[in-house]
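*Asks:* The structure file data.csv (CSV, C-alpha atoms and all ligand atoms) is provided below.
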```csv
chain,number,residue,atom,x,y,z
Y,1,MET,CA,31.3,49.2,-11.4
Y,2,PRO,CA,33.1,45.9,-12.3
Y,3,SER,CA,31.2,43.7,-14.8
Y,4,MET,CA,28.8,41.1,-13.4
Y,5,ASN,CA,27.9,37.5,-14.3
Y,6,SER,CA,26.5,38.1,-17.7
Y,7,ASN,CA,23.8,35.4,-17.1
Y,8,ILE,CA,22.3,36.8,-13.9
Y,9,GLY,CA,20.0,39.3,-15.7
Y,10,ASN,CA,18.3,36.4,-17.6
Y,11,VAL,CA,17.4,34.5,-14.5
Y,12,GLY,CA,14.1,36.2,-13.5
Y,13,ARG,CA,12.3,36.1,-10.2
Y,14,GLY,CA,9.2,34.0,-11.0
Y,15,PHE,CA,6.0,35.3,-9.5
Y,16,ALA,CA,7.8,38.1,-7.6
Y,17,SER,CA,6.2,41.0,-9.6
Y,18,PHE,CA,2.7,39.8,-8.5
Y,19,MET,CA,3.6,38.9,-5.0
Y,20,THR,CA,4.1,42.3,-3.5
Y,21,PRO,CA,1.8,42.9,-0.6
Y,22,ALA,CA,-1.5,44.4,-1.9
Y,23,PRO,CA,-3.2,47.4,-0.3
Y,24,GLU,CA,-5.4,46.7,2.7
Y,25,GLY,CA,-8.7,45.1,1.9
Y,26,VAL,CA,-7.5,43.2,-1.1
Y,27,VAL,CA,-8.2,39.5,-1.1
Y,28,ARG,CA,-4.9,37.7,-1.8
Y,29,PHE,CA,-5.1,34.4,-3.7
Y,30,THR,CA,-1.4,34.8,-4.7
Y,31,VAL,CA,0.6,33.5,-1.8
Y,32,GLY,CA,1.7,29.8,-1.9
Y,33,GLN,CA,1.8,29.2,1.8
Y,34,PRO,CA,-0.7,27.8,4.3
Y,35,ASP,CA,-2.2,30.4,6.7
Y,36,PHE,CA,-1.8,28.0,9.6
Y,37,ARG,CA,0.5,28.5,12.6
Y,38,THR,CA,3.3,25.9,12.8
Y,39,PRO,CA,2.3,23.2,15.3
Y,40,GLU,CA,3.2,24.1,18.9
Y,41,ALA,CA,5.3,20.9,19.5
Y,42,ILE,CA,7.6,22.0,16.7
Y,43,VAL,CA,8.0,25.5,18.0
Y,44,GLU,CA,8.7,24.2,21.5
Y,45,ALA,CA,11.3,21.8,20.2
Y,46,ALA,CA,13.2,24.7,18.6
Y,47,LYS,CA,12.9,26.8,21.7
Y,48,SER,CA,14.2,24.0,23.9
Y,49,ALA,CA,17.1,23.4,21.6
Y,50,LEU,CA,18.1,27.1,21.8
Y,51,ASP,CA,17.8,27.0,25.6
Y,52,ALA,CA,19.9,23.8,25.7
Y,53,GLY,CA,22.7,25.7,23.9
Y,54,GLU,CA,22.5,24.1,20.5
Y,55,HIS,CA,24.3,27.1,19.0
Y,56,GLY,CA,27.4,25.7,17.3
Y,57,TYR,CA,28.4,24.0,14.1
Y,58,THR,CA,27.4,20.4,13.7
Y,59,ARG,CA,27.2,17.6,11.1
Y,60,SER,CA,26.8,19.2,7.6
Y,61,GLN,CA,24.1,16.9,6.2
Y,62,GLY,CA,22.0,17.3,9.4
Y,63,ASN,CA,22.3,15.4,12.7
Y,64,GLU,CA,21.5,11.8,12.9
Y,65,GLU,CA,18.1,12.4,14.5
Y,66,VAL,CA,16.7,14.5,11.6
Y,67,CYS,CA,18.3,12.4,8.9
Y,68,ASN,CA,16.8,9.2,10.5
Y,69,ALA,CA,13.4,10.9,10.8
Y,70,VAL,CA,13.4,11.8,7.1
Y,71,ALA,CA,14.4,8.3,6.1
Y,72,LYS,CA,11.6,6.9,8.3
Y,73,HIS,CA,9.1,9.4,7.0
Y,74,LEU,CA,9.8,8.4,3.3
Y,75,THR,CA,9.0,4.7,4.0
Y,76,LYS,CA,5.4,5.7,4.0
Y,77,TYR,CA,5.6,6.3,0.3
Y,78,ASP,CA,7.6,3.1,-0.2
Y,79,ILE,CA,10.8,5.0,-0.6
Y,80,HIS,CA,13.6,3.2,1.3
Y,81,VAL,CA,16.9,5.0,1.8
Y,82,ASP,CA,19.8,4.8,4.2
Y,83,ALA,CA,19.7,7.8,6.5
Y,84,ASN,CA,23.4,8.5,5.6
Y,85,ASP,CA,22.1,9.3,2.1
Y,86,VAL,CA,19.8,12.1,3.4
Y,87,VAL,CA,20.8,15.7,3.4
Y,88,VAL,CA,18.7,18.3,5.2
Y,89,SER,CA,19.1,21.7,3.6
Y,90,PRO,CA,17.8,25.3,4.0
Y,91,GLY,CA,14.5,24.5,2.1
Y,92,CYS,CA,13.2,22.3,-0.7
Y,93,LYS,CA,14.4,25.0,-3.1
Y,94,GLN,CA,18.0,24.7,-1.9
Y,95,SER,CA,17.7,20.9,-2.2
Y,96,LEU,CA,16.5,21.3,-5.8
Y,97,LEU,CA,19.4,23.5,-6.6
Y,98,TYR,CA,21.9,21.0,-5.1
Y,99,ALA,CA,20.3,18.3,-7.3
Y,100,MET,CA,20.8,20.4,-10.4
Y,101,MET,CA,24.4,21.5,-9.4
Y,102,THR,CA,25.3,17.8,-8.7
Y,103,CYS,CA,23.8,16.3,-11.9
Y,104,LEU,CA,23.9,18.9,-14.6
Y,105,ASN,CA,26.5,20.7,-16.7
Y,106,PRO,CA,26.0,24.0,-18.5
Y,107,GLY,CA,24.0,23.4,-21.6
Y,108,ASP,CA,22.2,20.3,-20.4
Y,109,GLU,CA,18.5,20.3,-21.0
Y,110,VAL,CA,15.9,19.5,-18.4
Y,111,ILE,CA,12.2,18.7,-19.2
Y,112,LEU,CA,9.7,20.7,-17.2
Y,113,PHE,CA,5.9,20.1,-17.4
Y,114,ALA,CA,4.5,23.4,-18.4
Y,115,PRO,CA,3.2,25.5,-16.9
Y,116,ALA,CA,5.8,24.8,-14.2
Y,117,TRP,CA,6.5,26.5,-10.9
Y,118,PRO,CA,8.9,29.3,-12.2
Y,119,SER,CA,11.7,28.8,-9.7
Y,120,TYR,CA,12.7,25.7,-11.5
Y,121,GLU,CA,13.5,27.8,-14.6
Y,122,GLY,CA,15.4,30.3,-12.4
Y,123,MET,CA,17.5,27.7,-10.8
Y,124,LEU,CA,18.4,26.0,-14.1
Y,125,LYS,CA,19.4,29.3,-15.6
Y,126,LEU,CA,21.5,30.1,-12.6
Y,127,ILE,CA,23.7,27.1,-13.3
Y,128,GLY,CA,23.6,27.5,-17.1
Y,129,ALA,CA,21.3,24.6,-17.8
Y,130,VAL,CA,18.4,24.8,-20.2
Y,131,PRO,CA,14.7,24.5,-19.2
Y,132,VAL,CA,12.6,22.7,-21.9
Y,133,HIS,CA,8.9,23.4,-21.3
Y,134,VAL,CA,6.6,20.5,-22.4
Y,135,PRO,CA,3.0,21.6,-22.2
Y,136,VAL,CA,0.7,19.4,-20.2
Y,137,LYS,CA,-2.8,18.4,-21.4
Y,138,ARG,CA,-5.0,21.4,-21.1
Y,139,GLU,CA,-8.1,19.6,-20.0
Y,140,ASN,CA,-6.6,18.0,-16.8
Y,141,TYR,CA,-3.0,19.3,-16.6
Y,142,HIS,CA,-1.6,15.8,-16.8
Y,143,PRO,CA,1.6,15.1,-18.7
Y,144,ASP,CA,1.5,14.4,-22.4
Y,145,MET,CA,3.7,11.4,-23.0
Y,146,ALA,CA,4.0,11.8,-26.8
Y,147,ALA,CA,5.1,15.5,-26.3
Y,148,THR,CA,7.5,14.4,-23.6
Y,149,ARG,CA,9.2,11.8,-25.8
Y,150,ALA,CA,9.3,14.3,-28.7
Y,151,ALA,CA,11.1,16.9,-26.5
Y,152,ILE,CA,14.0,14.6,-25.7
Y,153,THR,CA,17.3,15.4,-27.5
Y,154,SER,CA,20.9,14.3,-27.2
Y,155,LYS,CA,21.3,17.1,-24.6
Y,156,THR,CA,18.4,16.1,-22.3
Y,157,LYS,CA,19.7,15.2,-18.9
Y,158,ALA,CA,16.8,15.1,-16.5
Y,159,ILE,CA,13.0,15.2,-16.1
Y,160,LEU,CA,11.6,17.3,-13.3
Y,161,LEU,CA,8.5,15.9,-11.6
Y,162,ASN,CA,6.2,17.8,-9.2
Y,163,SER,CA,3.1,15.8,-8.3
Y,164,PRO,CA,1.0,17.0,-6.5
Y,165,ASN,CA,1.7,20.0,-8.7
Y,166,ASN,CA,2.1,23.7,-8.3
Y,167,PRO,CA,0.5,25.6,-10.2
Y,168,THR,CA,-1.9,23.1,-11.7
Y,169,GLY,CA,-3.1,21.1,-8.7
Y,170,ALA,CA,-2.7,17.8,-10.8
Y,171,VAL,CA,-1.7,14.6,-9.1
Y,172,TYR,CA,-0.2,12.3,-11.7
Y,173,LEU,CA,-1.5,8.7,-11.9
Y,174,PRO,CA,0.8,5.8,-10.9
Y,175,SER,CA,0.6,4.7,-14.5
Y,176,GLU,CA,1.9,8.1,-15.6
Y,177,ILE,CA,4.7,8.1,-13.1
Y,178,GLU,CA,5.6,4.6,-14.3
Y,179,GLU,CA,5.7,5.7,-17.9
Y,180,LEU,CA,7.8,8.8,-17.2
Y,181,THR,CA,10.2,6.6,-15.2
Y,182,ALA,CA,10.4,4.3,-18.2
Y,183,ILE,CA,11.1,7.2,-20.5
Y,184,ALA,CA,13.8,8.4,-18.2
Y,185,ALA,CA,15.3,4.9,-18.0
Y,186,GLU,CA,15.2,4.5,-21.8
Y,187,ASN,CA,17.1,7.8,-22.3
Y,188,ASP,CA,19.3,7.5,-19.2
Y,189,LEU,CA,18.0,10.6,-17.6
Y,190,TRP,CA,17.9,11.8,-14.0
Y,191,ILE,CA,14.5,12.3,-12.3
Y,192,PHE,CA,14.3,15.2,-9.9
Y,193,ASP,CA,11.1,14.4,-7.9
Y,194,ASP,CA,9.9,17.5,-6.1
Y,195,MET,CA,7.4,15.8,-3.6
Y,196,ILE,CA,6.8,18.8,-1.4
Y,197,TYR,CA,3.0,18.5,-1.6
Y,198,SER,CA,3.0,14.7,-1.2
Y,199,ASP,CA,0.4,14.5,1.5
Y,200,LEU,CA,-1.9,17.2,0.2
Y,201,VAL,CA,-4.0,15.0,-2.1
Y,202,TYR,CA,-7.8,14.9,-2.3
Y,203,GLY,CA,-8.6,12.2,-4.9
Y,204,GLU,CA,-8.3,8.5,-5.0
Y,205,HIS,CA,-4.7,8.2,-6.2
Y,206,LYS,CA,-1.9,9.3,-3.9
Y,207,TYR,CA,1.5,10.7,-4.5
Y,208,THR,CA,3.6,8.0,-6.2
Y,209,SER,CA,7.4,8.0,-6.2
Y,210,PRO,CA,9.3,7.0,-9.4
Y,211,VAL,CA,11.6,4.9,-7.2
Y,212,THR,CA,8.8,2.4,-6.8
Y,213,PHE,CA,9.1,1.5,-10.6
Y,214,GLU,CA,11.8,-0.4,-12.4
Y,215,GLY,CA,14.8,1.7,-13.3
Y,216,GLY,CA,13.6,4.5,-10.9
Y,217,LYS,CA,15.7,4.0,-7.8
Y,218,GLU,CA,19.1,4.5,-9.5
Y,219,ARG,CA,18.1,7.8,-11.2
Y,220,THR,CA,15.8,9.6,-8.9
Y,221,LEU,CA,16.6,12.3,-6.4
Y,222,THR,CA,13.7,12.6,-4.0
Y,223,ILE,CA,13.4,16.2,-2.8
Y,224,GLY,CA,10.9,17.6,-0.3
Y,225,GLY,CA,10.5,19.7,2.7
Y,226,TRP,CA,8.6,20.9,5.7
Y,227,SER,CA,7.1,24.2,4.3
Y,228,LYS,CA,3.7,23.1,3.0
Y,229,ILE,CA,2.5,20.0,4.9
Y,230,TRP,CA,3.6,21.2,8.4
Y,231,ALA,CA,3.1,25.0,7.7
Y,232,MET,CA,6.8,25.8,8.1
Y,233,THR,CA,7.6,28.0,5.1
Y,234,GLY,CA,9.7,30.5,7.1
Y,235,TRP,CA,11.8,27.8,8.8
Y,236,ARG,CA,13.6,27.0,5.6
Y,237,LEU,CA,13.9,23.3,6.0
Y,238,GLY,CA,14.1,20.8,3.1
Y,239,TRP,CA,15.5,17.4,2.4
Y,240,ILE,CA,17.1,15.5,-0.5
Y,241,THR,CA,18.0,11.8,-0.9
Y,242,GLY,CA,19.0,9.6,-3.7
Y,243,PRO,CA,21.6,7.0,-4.8
Y,244,ALA,CA,24.7,7.1,-2.5
Y,245,GLY,CA,27.1,8.2,-5.3
Y,246,VAL,CA,25.1,11.2,-6.2
Y,247,MET,CA,24.5,12.1,-2.6
Y,248,GLU,CA,28.2,12.5,-2.1
Y,249,GLY,CA,28.0,15.4,-4.7
Y,250,VAL,CA,25.0,16.8,-2.8
Y,251,LYS,CA,26.9,16.8,0.4
Y,252,THR,CA,29.7,18.6,-1.3
Y,253,CYS,CA,27.2,21.3,-2.4
Y,254,GLN,CA,26.0,21.8,1.1
Y,255,ALA,CA,29.4,21.7,2.8
Y,256,SER,CA,30.7,24.3,0.3
Y,257,SER,CA,27.8,26.7,0.8
Y,258,ALA,CA,25.3,26.6,3.6
Y,259,THR,CA,27.4,24.2,5.8
Y,260,HIS,CA,24.1,23.1,7.5
Y,261,ILE,CA,20.7,24.2,8.6
Y,262,PRO,CA,20.6,26.0,12.0
Y,263,ALA,CA,21.6,23.4,14.6
Y,264,PHE,CA,18.6,24.2,16.8
Y,265,LEU,CA,16.1,23.5,14.0
Y,266,MET,CA,17.2,19.9,13.4
Y,267,GLY,CA,15.4,18.4,16.4
Y,268,ALA,CA,12.3,20.4,15.5
Y,269,GLY,CA,12.3,19.0,12.0
Y,270,ALA,CA,12.4,15.5,13.4
Y,271,VAL,CA,9.5,16.3,15.8
Y,272,ALA,CA,7.4,17.6,12.9
Y,273,LEU,CA,7.9,14.3,11.0
Y,274,GLY,CA,6.6,12.4,14.0
Y,275,LEU,CA,3.3,14.4,14.3
Y,276,GLU,CA,0.1,12.7,13.5
Y,277,ASN,CA,-2.7,15.1,14.2
Y,278,GLU,CA,-1.9,18.5,12.9
Y,279,PRO,CA,-0.9,17.5,9.3
Y,280,LYS,CA,-4.2,15.6,9.2
Y,281,GLU,CA,-6.2,18.7,10.4
Y,282,PHE,CA,-4.5,20.9,7.8
Y,283,LEU,CA,-5.4,18.4,5.1
Y,284,GLU,CA,-9.0,18.4,6.3
Y,285,GLU,CA,-9.1,22.1,6.1
Y,286,PHE,CA,-7.6,22.2,2.6
Y,287,THR,CA,-10.1,19.6,1.5
Y,288,LYS,CA,-13.0,21.8,2.7
Y,289,ARG,CA,-11.5,24.9,1.0
Y,290,ARG,CA,-10.9,23.1,-2.3
Y,291,GLU,CA,-14.6,22.0,-2.4
Y,292,ILE,CA,-15.9,25.5,-1.6
Y,293,PHE,CA,-13.4,27.3,-3.8
Y,294,HIS,CA,-13.9,25.2,-6.9
Y,295,GLY,CA,-17.7,25.3,-6.6
Y,296,LEU,CA,-17.6,29.1,-6.4
Y,297,VAL,CA,-15.1,29.5,-9.3
Y,298,GLU,CA,-17.4,27.5,-11.5
Y,299,GLU,CA,-20.2,30.1,-10.8
Y,300,ILE,CA,-18.0,33.0,-12.1
Y,301,PRO,CA,-18.8,33.9,-15.7
Y,302,GLY,CA,-15.9,33.3,-18.1
Y,303,ILE,CA,-13.8,31.2,-15.7
Y,304,SER,CA,-13.5,27.5,-15.5
Y,305,ALA,CA,-11.0,25.1,-13.9
Y,306,PRO,CA,-10.5,21.3,-13.5
Y,307,LYS,CA,-11.1,20.4,-9.9
Y,308,PRO,CA,-7.6,20.3,-8.2
Y,309,GLU,CA,-6.5,16.8,-7.2
Y,310,GLY,CA,-3.7,18.0,-4.8
Y,311,ALA,CA,-1.6,20.9,-3.4
Y,312,PHE,CA,-3.6,24.1,-2.7
Y,313,TYR,CA,-4.0,25.9,-6.1
Y,314,ILE,CA,-6.7,26.3,-8.6
Y,315,LEU,CA,-5.4,27.0,-12.1
Y,316,ALA,CA,-8.3,28.5,-14.0
Y,317,ASP,CA,-8.9,29.3,-17.7
Y,318,ILE,CA,-10.0,32.9,-18.2
Y,319,THR,CA,-9.9,33.1,-22.0
Y,320,ALA,CA,-13.7,33.2,-22.2
Y,321,THR,CA,-13.6,36.6,-20.5
Y,322,GLY,CA,-12.0,38.1,-23.6
Y,323,MET,CA,-9.0,39.3,-21.5
Y,324,ASP,CA,-5.5,37.9,-21.5
Y,325,ASP,CA,-4.2,36.7,-18.2
Y,326,ILE,CA,-2.0,39.8,-17.5
Y,327,GLU,CA,-4.9,42.1,-18.2
Y,328,PHE,CA,-7.2,39.9,-16.1
Y,329,ALA,CA,-4.8,39.9,-13.1
Y,330,THR,CA,-4.1,43.6,-13.3
Y,331,ARG,CA,-7.8,44.6,-13.6
Y,332,ALA,CA,-8.9,42.1,-11.0
Y,333,LEU,CA,-6.7,43.9,-8.5
Y,334,GLU,CA,-7.7,47.4,-9.6
Y,335,GLU,CA,-11.4,46.9,-10.2
Y,336,ALA,CA,-12.3,44.0,-7.9
Y,337,SER,CA,-9.6,44.1,-5.2
Y,338,VAL,CA,-8.6,40.5,-5.8
Y,339,HIS,CA,-5.0,39.5,-6.2
Y,340,VAL,CA,-4.2,36.5,-8.5
Y,341,ILE,CA,-1.2,35.2,-10.4
Y,342,PRO,CA,-1.3,35.6,-14.2
Y,343,GLY,CA,-0.3,32.3,-15.9
Y,344,SER,CA,1.9,33.8,-18.5
Y,345,LEU,CA,4.5,34.4,-15.9
Y,346,MET,CA,5.2,30.7,-16.7
Y,347,PRO,CA,5.8,29.5,-20.2
Y,348,GLY,CA,2.7,27.5,-21.2
Y,349,GLY,CA,0.4,29.3,-18.7
Y,350,GLU,CA,-1.0,31.8,-21.1
Y,351,GLY,CA,-4.8,32.4,-20.6
Y,352,LEU,CA,-4.7,30.9,-17.1
Y,353,ILE,CA,-4.6,32.4,-13.6
Y,354,ARG,CA,-3.4,30.7,-10.4
Y,355,MET,CA,-5.4,31.1,-7.2
Y,356,SER,CA,-4.1,29.7,-3.9
Y,357,TYR,CA,-6.3,28.5,-1.1
Y,358,GLY,CA,-3.7,29.0,1.5
Y,359,THR,CA,-6.2,31.5,2.8
Y,360,SER,CA,-9.5,31.3,4.9
Y,361,VAL,CA,-12.9,30.1,3.7
Y,362,GLU,CA,-14.1,33.6,4.5
Y,363,GLN,CA,-11.5,35.2,2.2
Y,364,ILE,CA,-12.3,32.6,-0.5
Y,365,ARG,CA,-16.0,33.4,-0.4
Y,366,GLU,CA,-15.3,37.1,-0.4
Y,367,GLY,CA,-12.8,36.9,-3.3
Y,368,CYS,CA,-15.1,34.8,-5.5
Y,369,LYS,CA,-18.0,37.1,-4.8
Y,370,ARG,CA,-16.0,40.1,-5.9
Y,371,LEU,CA,-14.7,38.4,-9.1
Y,372,LYS,CA,-18.3,37.3,-9.9
Y,373,ASN,CA,-19.8,40.8,-9.4
Y,374,TRP,CA,-16.9,42.4,-11.4
Y,375,LEU,CA,-17.2,40.0,-14.4
Y,376,GLN,CA,-21.0,40.2,-14.4
Y,377,ASP,CA,-20.8,43.9,-14.7
E,1,LIG,N1,8.6,23.2,-4.7
E,1,LIG,C1,7.4,23.7,-5.1
E,1,LIG,C2,6.6,23.0,-6.2
E,1,LIG,C3,6.8,24.8,-4.5
E,1,LIG,O1,5.6,25.2,-4.9
E,1,LIG,C4,7.5,25.5,-3.5
E,1,LIG,C5,7.0,26.7,-2.9
E,1,LIG,O2,6.1,27.3,-3.3
E,1,LIG,C6,8.7,25.0,-3.1
E,1,LIG,C7,9.3,23.8,-3.7
E,1,LIG,C8,9.6,25.7,-2.1
E,1,LIG,O3,9.8,24.9,-0.9
E,1,LIG,P1,10.7,25.5,0.3
E,1,LIG,O4,9.9,26.5,1.0
E,1,LIG,O5,10.9,24.3,1.1
E,1,LIG,O6,11.9,26.0,-0.3
```
Taking this structure as input, can you express it in the form of structure tokens?
Ligand code: PLP
*Replies:*
Amino acid sequence: MPSMNSNIGNVGRGFASFMTPAPEGVVRFTVGQPDFRTPEAIVEAAKSALDAGEHGYTRSQGNEEVCNAVAKHLTKYDIHVDANDVVVSPGCKQSLLYAMMTCLNPGDEVILFAPAWPSYEGMLKLIGAVPVHVPVKRENYHPDMAATRAAITSKTKAILLNSPNNPTGAVYLPSEIEELTAIAAENDLWIFDDMIYSDLVYGEHKYTSPVTFEGGKERTLTIGGWSKIWAMTGWRLGWITGPAGVMEGVKTCQASSATHIPAFLMGAGAVALGLENEPKEFLEEFTKRREIFHGLVEEIPGISAPKPEGAFYILADITATGMDDIEFATRALEEASVHVIPGSLMPGGEGLIRMSYGTSVEQIREGCKRLKNWLQD
């Protein structure tokens, strides 16, 4: 066999080893996707587009309808962009990769708040950039500003933000976003703002964009998508926007690879962004699950977690059980039939487990009961 890219073996696949479908009867707290069906109006829009013959190539960045819809949607967070500076890609992940390909050179360092969603590390390694994991504060999973400043070197090129956060469930305060924006401005860094969970917030402070602070607009790439808020994980739709100059690079990435998202999904994406009721209903359901799940987790011996402020994950400390997180996750599956993600799959996540509440209240109750009985024994 000819030789391969010598880097590819180092990239890793994040949670993949703990994501394989578990045997029947296992309660799965592993999967990071809502268990809701995509709203009917979106499905109908895609079907009609197919019936209407939208089968061919079209505008690479996305048609005007979907780009306008994204620009309009973002105004709700006080993000004001020209629709011409919006690219709709095959998923938020693809948009993140475009951002990195456009802004980074091999060897450039990017600050991640640890534990960070592992795909960031994989993407950075794919393009030869270097993830720098800065631990968040253990008590509430919010960023540690002194540690962030200390991690910056002459090679640092970007800070990656994700608030509401996967895996921690933290939603950063406006004052924290402001300070991180100032740190980026002082050091002339890009900010990659992954806002995919932006509407899934339960506390008083909402998602805040760095572009709303001085020095933020000219250095922030705002990246999001349809997967979580509209229950559209399998549709593979994401967006990215930022300063016009850098968006030219992003357009080059898309034109040189995916070309565009499926033409018949563009209108459906626009329809989703105009929906009022379903995203609200999904949020109400997540709010209920978060209350129940966190309450039950607190009753399990040896496990504790801050109450999630956003997204749909509980990141719990299991060190008081005397097990490390890999042993915990392995034995929880074998002895209690509950599937969780061990935190040490992410640098900085040692001693933690991630549990998703993208599953029903019934499953949440059953899974917590099993964990409680198992640990009591
Ligand atoms: N960003 C974060 C923080 C995520 O947790 C996920 C999915 O788990 C994604 C991006 C992926 O988004 P998409 O499905 O649009 O690629």
*Asks:* Quick one: residues within 10 Å of Thr321 in chain Y, only C-alpha atoms, excluding same-chain residues fewer than 3 positions away - as a PyMOL selection string?
*Replies:* chain Y and resi 301-303+317-318+324-325+328+351+375
*Asks:* Using only C-alpha atoms and all ligand atoms, which residues of the polymer chains come no farther than 7 Å from ligand LIG 1 (chain E)? I'd like the answer as an mmCIF file with C-alpha atoms, in the frame of the given file.
*Replies:*
```cif
data_model
loop_
_atom_site.group_PDB
_atom_site.id
_atom_site.type_symbol
_atom_site.label_atom_id
_atom_site.label_comp_id
_atom_site.auth_asym_id
_atom_site.auth_seq_id
_atom_site.Cartn_x
_atom_site.Cartn_y
_atom_site.Cartn_z
ATOM 1 C CA GLY Y 32 1.700 29.800 -1.900
ATOM 2 C CA GLN Y 33 1.800 29.200 1.800
ATOM 3 C CA GLY Y 91 14.500 24.500 2.100
ATOM 4 C CA CYS Y 92 13.200 22.300 -0.700
ATOM 5 C CA LYS Y 93 14.400 25.000 -3.100
ATOM 6 C CA GLN Y 94 18.000 24.700 -1.900
ATOM 7 C CA TRP Y 117 6.500 26.500 -10.900
ATOM 8 C CA ASN Y 162 6.200 17.800 -9.200
ATOM 9 C CA ASN Y 165 1.700 20.000 -8.700
ATOM 10 C CA ASN Y 166 2.100 23.700 -8.300
ATOM 11 C CA ASP Y 194 9.900 17.500 -6.100
ATOM 12 C CA ILE Y 196 6.800 18.800 -1.400
ATOM 13 C CA GLY Y 224 10.900 17.600 -0.300
ATOM 14 C CA GLY Y 225 10.500 19.700 2.700
ATOM 15 C CA TRP Y 226 8.600 20.900 5.700
ATOM 16 C CA SER Y 227 7.100 24.200 4.300
ATOM 17 C CA THR Y 233 7.600 28.000 5.100
ATOM 18 C CA ARG Y 236 13.600 27.000 5.600
ATOM 19 C CA LEU Y 237 13.900 23.300 6.000
ATOM 20 C CA GLY Y 238 14.100 20.800 3.100
#
```
*Asks:* As an exercise, work out the distance from CA of Met266 in chain Y to CA of Pro118 in chain Y in Å and give it to one decimal place.
*Replies:*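 About the pair CA of Met266 in chain Y and CA of Pro118 in chain Y: they are 28.5 Å apart.
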*Asks:* Nearest to Leu126 in chain Y: which of Y:Leu173, Y:Ala114, Y:Leu97, Y:Leu273 is it, counting only C-alpha atoms?
*Replies:*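 Among the listed residues, Y:Leu97 lies closest to Leu126 in chain Y.
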*Asks:* If you measure from CA of Asp85 in chain Y to CA of Thr241 in chain Y, what distance in Å do you get, rounded to one decimal?
*Replies:* 5.7 Å
*Asks:* Could you check the closest approach to Gly56 in chain Y for each of Y:Ala255, Y:Ala263, Y:Asn7, Y:Val136 and tell me which residue wins, using all atoms listed in the file?
*Replies:*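 Between Y:Ala255, Y:Ala263, Y:Asn7, Y:Val136, the residue approaching Gly56 in chain Y most closely is Y:Ala263.
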*Asks:* Give as a ChimeraX atom specification every residue, naming chains and numbers as the document does, that has an atom within 12 Å of (14.2, 26.6, -14.7), counting only C-alpha atoms.
*Replies:* /Y:10-14,93,96-97,100,108-133,158-160,346-347
*Asks:* Go ahead and dump the residues you just picked, C-alpha atoms, as a short mmCIF file (atom, residue, chain, number, x, y, z; two decimals), keeping the file's coordinate frame.
*Replies:*
```
data_model
loop_
_atom_site.label_atom_id
_atom_site.label_comp_id
_atom_site.auth_asym_id
_atom_site.auth_seq_id
_atom_site.Cartn_x
_atom_site.Cartn_y
_atom_site.Cartn_z
CA ASN Y 10 18.30 36.40 -17.60
CA VAL Y 11 17.40 34.50 -14.50
CA GLY Y 12 14.10 36.20 -13.50
CA ARG Y 13 12.30 36.10 -10.20
CA GLY Y 14 9.20 34.00 -11.00
CA LYS Y 93 14.40 25.00 -3.10
CA LEU Y 96 16.50 21.30 -5.80
CA LEU Y 97 19.40 23.50 -6.60
CA MET Y 100 20.80 20.40 -10.40
CA ASP Y 108 22.20 20.30 -20.40
CA GLU Y 109 18.50 20.30 -21.00
CA VAL Y 110 15.90 19.50 -18.40
CA ILE Y 111 12.20 18.70 -19.20
CA LEU Y 112 9.70 20.70 -17.20
CA PHE Y 113 5.90 20.10 -17.40
CA ALA Y 114 4.50 23.40 -18.40
CA PRO Y 115 3.20 25.50 -16.90
CA ALA Y 116 5.80 24.80 -14.20
CA TRP Y 117 6.50 26.50 -10.90
CA PRO Y 118 8.90 29.30 -12.20
CA SER Y 119 11.70 28.80 -9.70
CA TYR Y 120 12.70 25.70 -11.50
CA GLU Y 121 13.50 27.80 -14.60
CA GLY Y 122 15.40 30.30 -12.40
CA MET Y 123 17.50 27.70 -10.80
CA LEU Y 124 18.40 26.00 -14.10
CA LYS Y 125 19.40 29.30 -15.60
CA LEU Y 126 21.50 30.10 -12.60
CA ILE Y 127 23.70 27.10 -13.30
CA GLY Y 128 23.60 27.50 -17.10
CA ALA Y 129 21.30 24.60 -17.80
CA VAL Y 130 18.40 24.80 -20.20
CA PRO Y 131 14.70 24.50 -19.20
CA VAL Y 132 12.60 22.70 -21.90
CA HIS Y 133 8.90 23.40 -21.30
CA ALA Y 158 16.80 15.10 -16.50
CA ILE Y 159 13.00 15.20 -16.10
CA LEU Y 160 11.60 17.30 -13.30
CA MET Y 346 5.20 30.70 -16.70
CA PRO Y 347 5.80 29.50 -20.20
#
```
*Asks:* Quick one: of Y:Asn373, Y:Gln363, Y:Thr75, Y:Asn140, who's nearest to Glu309 in chain Y, counting only C-alpha atoms?
*Replies:* Y:Asn140
*Asks:* In Å, how far is it from CA of Ala332 in chain Y to CA of Arg365 in chain Y?
*Replies:*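 We find that CA of Ala332 in chain Y and CA of Arg365 in chain Y lie 15.4 Å from each other.
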*Asks:* Just want the 9 Å neighbourhood of Leu345 in chain Y, counted on only C-alpha atoms, with same-chain residues fewer than 2 positions away dropped. Output as a list in words.
*Replies:* Gly14, Phe15, Pro118, Ile326, Ile341, Pro342, Gly343, Pro347, Gly348, Gly349 and Glu350 of chain Y
*Asks:* Can you tell me which residues surround range 61-64 of chain Y at a distance of at most 7 Å, considering all atoms listed in the file, apart from same-chain residues fewer than 5 positions away, and format the answer as a PyMOL selection string?
*Replies:* chain Y and resi 87-88+251+260+266
*Asks:* Point out the residue among Y:Gly358, Y:Gly234, Y:Pro106, Y:Pro164 with the least atom-to-atom distance to Thr30 in chain Y, counting only C-alpha atoms.
*Replies:*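 Of all the options, Y:Gly358 lies closest to Thr30 in chain Y.
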*Asks:* Show me, as JSON, numbers by chain, the residues that have an atom within 10 Å of range 77-82 of chain Y when counting only C-alpha atoms, minus same-chain residues fewer than 4 positions from it.
*Replies:* {"Y": [67, 68, 70, 71, 72, 73, 86, 198, 199, 206, 207, 208, 209, 210, 211, 212, 217, 222, 241, 242, 243, 244]}
